[in-house]
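Structure below is run_34.cif: mmCIF, C-alpha atoms.
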```cif
data_my_file
#
loop_
_atom_site.label_atom_id
_atom_site.label_comp_id
_atom_site.auth_asym_id
_atom_site.auth_seq_id
_atom_site.Cartn_x
_atom_site.Cartn_y
_atom_site.Cartn_z
CA MET A 1 0.00 0.00 0.00
CA GLY A 2 1.41 3.39 -0.97
CA VAL A 3 1.51 6.61 1.03
CA VAL A 4 -1.94 7.56 2.25
CA SER A 5 -3.39 11.08 2.10
CA GLN A 6 -6.73 12.67 3.00
CA ILE A 7 -7.10 10.90 6.33
CA ARG A 8 -9.83 10.86 8.93
CA LEU A 9 -7.98 10.35 12.23
CA VAL A 10 -9.99 8.97 15.16
CA LEU A 11 -8.80 8.55 18.76
CA ALA A 12 -10.73 5.76 20.48
CA SER A 13 -10.14 7.09 23.98
CA ALA A 14 -11.72 9.36 26.57
CA SER A 15 -8.27 10.36 27.87
CA ASP A 16 -7.70 14.11 27.88
CA ALA A 17 -3.98 13.44 28.33
CA ARG A 18 -3.78 11.37 25.14
CA LEU A 19 -5.67 14.02 23.22
CA ARG A 20 -3.37 16.76 24.56
CA THR A 21 -0.34 14.67 23.59
CA LEU A 22 -1.52 14.27 20.00
CA ARG A 23 -2.52 17.92 19.71
CA GLY A 24 0.84 18.98 21.10
CA ALA A 25 2.46 16.94 18.33
CA GLY A 26 0.42 18.73 15.66
CA LEU A 27 -2.45 16.26 15.25
CA ASP A 28 -6.11 17.05 15.87
CA PRO A 29 -8.03 13.76 15.95
CA GLU A 30 -11.74 13.19 16.22
CA VAL A 31 -12.54 11.60 19.60
CA ILE A 32 -14.95 8.67 19.89
CA VAL A 33 -15.06 6.86 23.23
CA SER A 34 -15.05 3.07 22.89
CA GLY A 35 -17.07 2.12 25.97
CA VAL A 36 -15.01 -1.06 26.38
CA ASP A 37 -15.12 -2.62 29.85
CA GLU A 38 -11.47 -2.71 30.87
CA ASP A 39 -12.12 -5.32 33.56
CA SER A 40 -13.71 -7.83 31.20
CA GLU A 41 -10.52 -9.35 29.77
CA ALA A 42 -8.41 -12.11 31.28
CA VAL A 43 -5.05 -12.18 29.52
CA ASP A 44 -1.75 -13.53 30.83
CA GLY A 45 0.78 -10.75 31.23
CA VAL A 46 0.34 -7.02 31.76
CA ARG A 47 1.85 -6.06 28.39
CA GLU A 48 -0.44 -8.52 26.63
CA LEU A 49 -3.46 -7.16 28.47
CA THR A 50 -2.77 -3.57 27.44
CA ALA A 51 -2.38 -4.70 23.83
CA ARG A 52 -5.63 -6.63 23.93
CA LEU A 53 -7.59 -3.77 25.49
CA ALA A 54 -6.16 -1.28 22.98
CA GLN A 55 -7.29 -3.60 20.19
CA LEU A 56 -10.79 -3.95 21.65
CA LYS A 57 -11.13 -0.18 21.94
CA ALA A 58 -10.03 0.48 18.37
CA GLU A 59 -12.23 -2.29 16.98
CA ALA A 60 -15.28 -1.16 18.97
CA VAL A 61 -15.01 2.36 17.56
CA SER A 62 -14.21 1.13 14.06
CA ALA A 63 -17.40 -0.95 14.07
CA ARG A 64 -19.52 2.07 14.97
CA ILE A 65 -18.37 4.59 12.37
CA ASP A 66 -19.24 4.89 8.71
CA HIS A 67 -15.90 4.76 6.91
CA GLY A 68 -17.23 5.77 3.51
CA PRO A 69 -14.79 6.42 0.64
CA GLU A 70 -12.25 8.27 2.79
CA THR A 71 -9.27 6.70 4.50
CA THR A 72 -9.90 6.29 8.21
CA VAL A 73 -7.33 5.63 10.90
CA VAL A 74 -8.51 4.58 14.37
CA VAL A 75 -6.07 4.64 17.28
CA GLY A 76 -6.83 2.73 20.47
CA CYS A 77 -4.63 2.78 23.60
CA ASP A 78 -4.61 1.30 27.07
CA SER A 79 -2.14 1.86 29.90
CA MET A 80 -1.30 -0.08 33.04
CA LEU A 81 1.45 0.03 35.66
CA GLU A 82 3.26 -3.24 36.34
CA LEU A 83 4.55 -3.56 39.89
CA ASP A 84 5.78 -6.87 41.30
CA GLY A 85 4.32 -8.65 38.28
CA MET A 86 0.82 -7.26 38.85
CA GLY A 87 -1.00 -4.81 36.58
CA TYR A 88 -2.70 -1.71 37.92
CA GLY A 89 -5.07 0.61 36.09
CA LYS A 90 -7.01 3.43 37.69
CA PRO A 91 -7.51 3.07 41.47
CA GLY A 92 -11.16 2.44 42.28
CA THR A 93 -11.21 4.32 45.58
CA PRO A 94 -9.08 6.84 47.53
CA ALA A 95 -8.14 4.04 49.92
CA GLU A 96 -6.88 1.93 47.03
CA ALA A 97 -4.91 4.88 45.64
CA ALA A 98 -3.27 5.51 49.02
CA GLU A 99 -2.41 1.84 49.46
CA ARG A 100 -0.89 1.72 46.00
CA TRP A 101 1.31 4.73 46.69
CA GLN A 102 2.47 3.09 49.89
CA ARG A 103 3.73 0.19 47.73
CA MET A 104 5.15 2.44 44.99
CA SER A 105 6.98 4.87 47.28
CA GLY A 106 10.75 4.73 46.79
CA ARG A 107 10.50 2.01 44.15
CA PHE A 108 10.08 1.69 40.39
CA GLY A 109 7.54 0.14 38.07
CA LEU A 110 6.91 -0.40 34.36
CA LEU A 111 4.25 1.69 32.67
CA HIS A 112 2.95 -0.27 29.66
CA THR A 113 0.78 1.29 26.96
CA GLY A 114 -0.80 -0.90 24.34
CA HIS A 115 -1.38 0.71 20.94
CA HIS A 116 -3.69 -0.63 18.22
CA VAL A 117 -4.07 1.14 14.90
CA THR A 118 -6.58 0.18 12.22
CA LEU A 119 -6.42 1.60 8.72
CA HIS A 120 -9.65 1.47 6.70
CA GLN A 121 -9.22 2.21 3.01
CA GLY A 122 -12.14 1.27 0.82
CA LYS A 123 -13.02 -2.32 1.67
CA ALA A 124 -9.52 -3.06 2.93
CA THR A 125 -8.60 -3.02 6.61
CA ILE A 126 -5.06 -3.31 7.94
CA ALA A 127 -4.12 -3.30 11.62
CA ARG A 128 -1.01 -3.02 13.75
CA THR A 129 -0.59 -3.71 17.48
CA ALA A 130 2.39 -2.82 19.65
CA VAL A 131 3.27 -2.04 23.26
CA ALA A 132 5.62 0.61 24.64
CA SER A 133 7.08 0.19 28.13
CA THR A 134 8.70 2.88 30.25
CA LEU A 135 10.48 2.42 33.57
CA VAL A 136 9.24 4.92 36.16
CA HIS A 137 11.10 5.69 39.41
CA PHE A 138 8.99 6.95 42.30
CA ALA A 139 10.16 9.22 45.10
CA GLU A 140 9.87 8.24 48.75
CA LEU A 141 6.71 9.95 49.99
CA THR A 142 5.57 10.58 53.53
CA ASP A 143 2.13 9.45 54.63
CA GLU A 144 1.10 13.10 54.67
CA GLU A 145 2.22 13.63 51.07
CA ILE A 146 0.35 10.54 49.93
CA ALA A 147 -2.81 11.66 51.72
CA ALA A 148 -2.56 15.15 50.24
CA TYR A 149 -2.04 13.80 46.73
CA VAL A 150 -4.92 11.35 46.98
CA ALA A 151 -7.14 14.16 48.29
CA THR A 152 -6.69 16.01 44.99
CA THR A 153 -8.47 13.01 43.34
CA GLU A 154 -5.99 13.10 40.44
CA PRO A 155 -4.68 9.57 41.14
CA LEU A 156 -8.21 8.17 40.78
CA HIS A 157 -8.45 9.18 37.14
CA VAL A 158 -5.17 7.88 35.70
CA ALA A 159 -3.61 4.47 35.05
CA GLY A 160 -1.25 3.48 37.82
CA GLY A 161 -2.57 6.19 40.11
CA PHE A 162 -0.04 8.85 39.13
CA THR A 163 0.81 11.44 36.51
CA VAL A 164 4.13 12.72 35.23
CA ASP A 165 2.62 15.82 33.60
CA GLY A 166 0.37 16.93 36.47
CA LEU A 167 0.29 17.12 40.25
CA GLY A 168 2.15 13.81 40.46
CA GLY A 169 5.17 15.12 38.55
CA PRO A 170 7.23 16.06 41.63
CA PHE A 171 6.88 12.49 42.90
CA ILE A 172 8.56 10.97 39.83
CA THR A 173 12.35 10.98 40.22
CA GLY A 174 13.28 9.43 36.90
CA ILE A 175 12.06 7.83 33.68
CA GLU A 176 13.82 5.36 31.42
CA GLY A 177 12.14 5.33 28.02
CA ASP A 178 9.58 7.49 26.25
CA HIS A 179 7.98 9.96 28.68
CA HIS A 180 5.02 10.42 26.32
CA ASN A 181 4.22 6.78 26.96
CA VAL A 182 3.74 7.54 30.67
CA VAL A 183 1.21 10.21 29.74
CA GLY A 184 -0.69 7.54 27.83
CA LEU A 185 0.53 7.36 24.24
CA SER A 186 4.00 6.82 22.76
CA LEU A 187 4.47 9.26 19.91
CA PRO A 188 7.60 7.53 18.51
CA LEU A 189 5.87 4.15 18.53
CA LEU A 190 2.71 5.53 16.95
CA ARG A 191 4.77 7.20 14.22
CA THR A 192 6.47 3.87 13.47
CA MET A 193 3.13 2.03 13.33
CA LEU A 194 1.64 4.63 10.99
CA ASN A 195 4.72 4.52 8.76
CA GLU A 196 4.22 0.77 8.41
CA LEU A 197 0.70 1.53 7.15
CA GLY A 198 1.97 4.02 4.59
CA ILE A 199 1.06 7.13 6.56
CA TRP A 200 3.61 9.94 6.63
CA TRP A 201 3.54 11.58 10.06
CA PRO A 202 4.23 15.19 8.88
CA GLY A 203 1.29 14.78 6.49
CA LEU A 204 -1.00 14.65 9.54
CA TRP A 205 0.06 18.05 10.79
CA GLY A 206 -2.67 20.64 10.48
CA ILE A 207 -5.41 18.17 9.53
CA SER A 208 -8.53 19.27 11.43
CA ARG A 209 -11.06 16.79 12.74
CA ASN A 210 -13.69 19.05 11.16
CA SER A 211 -12.10 19.09 7.70
#
```

As structure tokens, how would this structure be written, given the file I've shared?
Amino acid sequence: MGVVSQIRLVLASASDARLRTLRGAGLDPEVIVSGVDEDSEAVDGVRELTARLAQLKAEAVSARIDHGPETTVVVGCDSMLELDGMGYGKPGTPAEAAERWQRMSGRFGLLHTGHHVTLHQGKATIARTAVASTLVHFAELTDEEIAAYVATTEPLHVAGGFTVDGLGGPFITGIEGDHHNVVGLSLPLLRTMLNELGIWWPGLWGISRNS
């Protein structure tokens, strides 16, 4: 398949952070939330689970939209923190968020983000799936700091219970790998996946979701 032009770009995610990341890189995707139940899948391995959930999100959105004659690209992502071999998404309660930070404090974990991209061109559909992993080092926090952070409610809304680009930033002492991936989407990996589908990244700059 040759280089693709005139693209409808769709982000199958409700994540404001992912949308900000893409917009900051010059892309302006249409947002359609997948509605996929992230607790419904049983897959061995945290990396494998993020890949599977990203695929389900992209496929759910792809099935709901009318592709028409234009080329449509749907991007699905899912992030989880791996700590001691266990995967953690968004904390369900403040108590869970506080307990998680007690375990994370002074340690490191792997933030995995699964990416699934589907390209719809006419009757043809091509897909790519990949996972980016970033090592995140956490500062040693006092009980008071953990309580104050949890009280902001930010940890309840993000995978792993922390941010690197928000209130949680001062509690991250180091990152090994792509920092965009910790926010929720690896721009270098996404560029590589799109290149494999014949999509030139600079060609996406300035394309409006309303065009």

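Those residues positioned at most 7 Å from (-0.5, 19.9, 11.9) are Gly26, Leu27, Leu204, Trp205, Gly206 and Ile207 of chain A, judged using all atoms listed in the file.
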
Go ahead and write the selection's residues with C-alpha atoms as a CSV table (one decimal), in the frame of the given file.
```
chain,number,residue,atom,x,y,z
A,26,GLY,CA,0.4,18.7,15.7
A,27,LEU,CA,-2.4,16.3,15.2
A,204,LEU,CA,-1.0,14.6,9.5
A,205,TRP,CA,0.1,18.0,10.8
A,206,GLY,CA,-2.7,20.6,10.5
A,207,ILE,CA,-5.4,18.2,9.5
```

Quote the spacing between atom CA of A:Met104 and atom CA of A:Phe138 in Å to one decimal place.
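Atom CA of A:Met104 sits 6.5 Å away from atom CA of A:Phe138.
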
Would you write out, as a tab-separated table, a table of all residues in stretch 91-162 of chain A that have an atom no more than 10 Å from an atom of stretch 8-17 of chain A, listing for each the closest atom pair and the distance in Å to one decimal, considering all atoms listed in the file and ordering rows by chain and rising residue number?
```
residue	atom	partner	partner_atom	distance
A:His116	CA	A:Ala12	CA	9.8
A:Val117	CA	A:Leu11	CA	9.6
A:Thr118	CA	A:Val10	CA	9.9
A:Leu119	CA	A:Leu9	CA	9.6
A:His120	CA	A:Arg8	CA	9.7
A:His157	CA	A:Ser15	CA	9.3
A:Val158	CA	A:Ser15	CA	8.8
```

Using only C-alpha atoms, which residue out of A:Arg128, A:Lys90, A:His137, A:His179 lies closest to A:Ser105?
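With only C-alpha atoms as the atom set, the closest residue is A:His137.
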
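From atom CA of A:Arg107 back to atom CA of A:Ser133, the distance works out to 16.5 Å.
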
Give me the residues near A:Asn195 as a tab-separated table (two decimals) with C-alpha atoms, in the frame of the given file, where near means some atom within 12 Å (using only C-alpha atoms) and where sequence neighbours in that chain fewer than 2 positions away do not count.
```tsv
chain	number	residue	atom	x	y	z
A	1	MET	CA	0.00	0.00	0.00
A	2	GLY	CA	1.41	3.39	-0.97
A	3	VAL	CA	1.51	6.61	1.03
A	4	VAL	CA	-1.94	7.56	2.25
A	117	VAL	CA	-4.07	1.14	14.90
A	119	LEU	CA	-6.42	1.60	8.72
A	128	ARG	CA	-1.01	-3.02	13.75
A	188	PRO	CA	7.60	7.53	18.51
A	189	LEU	CA	5.87	4.15	18.53
A	190	LEU	CA	2.71	5.53	16.95
A	191	ARG	CA	4.77	7.20	14.22
A	192	THR	CA	6.47	3.87	13.47
A	193	MET	CA	3.13	2.03	13.33
A	197	LEU	CA	0.70	1.53	7.15
A	198	GLY	CA	1.97	4.02	4.59
A	199	ILE	CA	1.06	7.13	6.56
A	200	TRP	CA	3.61	9.94	6.63
A	201	TRP	CA	3.54	11.58	10.06
A	202	PRO	CA	4.23	15.19	8.88
A	203	GLY	CA	1.29	14.78	6.49
A	204	LEU	CA	-1.00	14.65	9.54
```

Identify which of the residues A:Val46, A:Glu196, A:His115, A:Trp101 lies closest to A:Gly168, counting only C-alpha atoms when measuring atom-to-atom distances.
A:Trp101

Mind pulling up the distance from atom CA of A:Asp28 to atom CA of A:Phe162?
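Atom-to-atom, atom CA of A:Phe162 to atom CA of A:Asp28, that is 25.4 Å.
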
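Closest to A:Val136 among A:Asp178, A:Glu48, A:Asp66, A:Glu30 is A:Asp178, based on only C-alpha atoms.
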
May I have the residues within 7 Å of A:Ala97 as JSON, numbers by chain, using only C-alpha atoms and disregarding those fewer than 4 positions away in the same chain?
{"A": [91, 93, 101, 150, 155, 156, 161]}
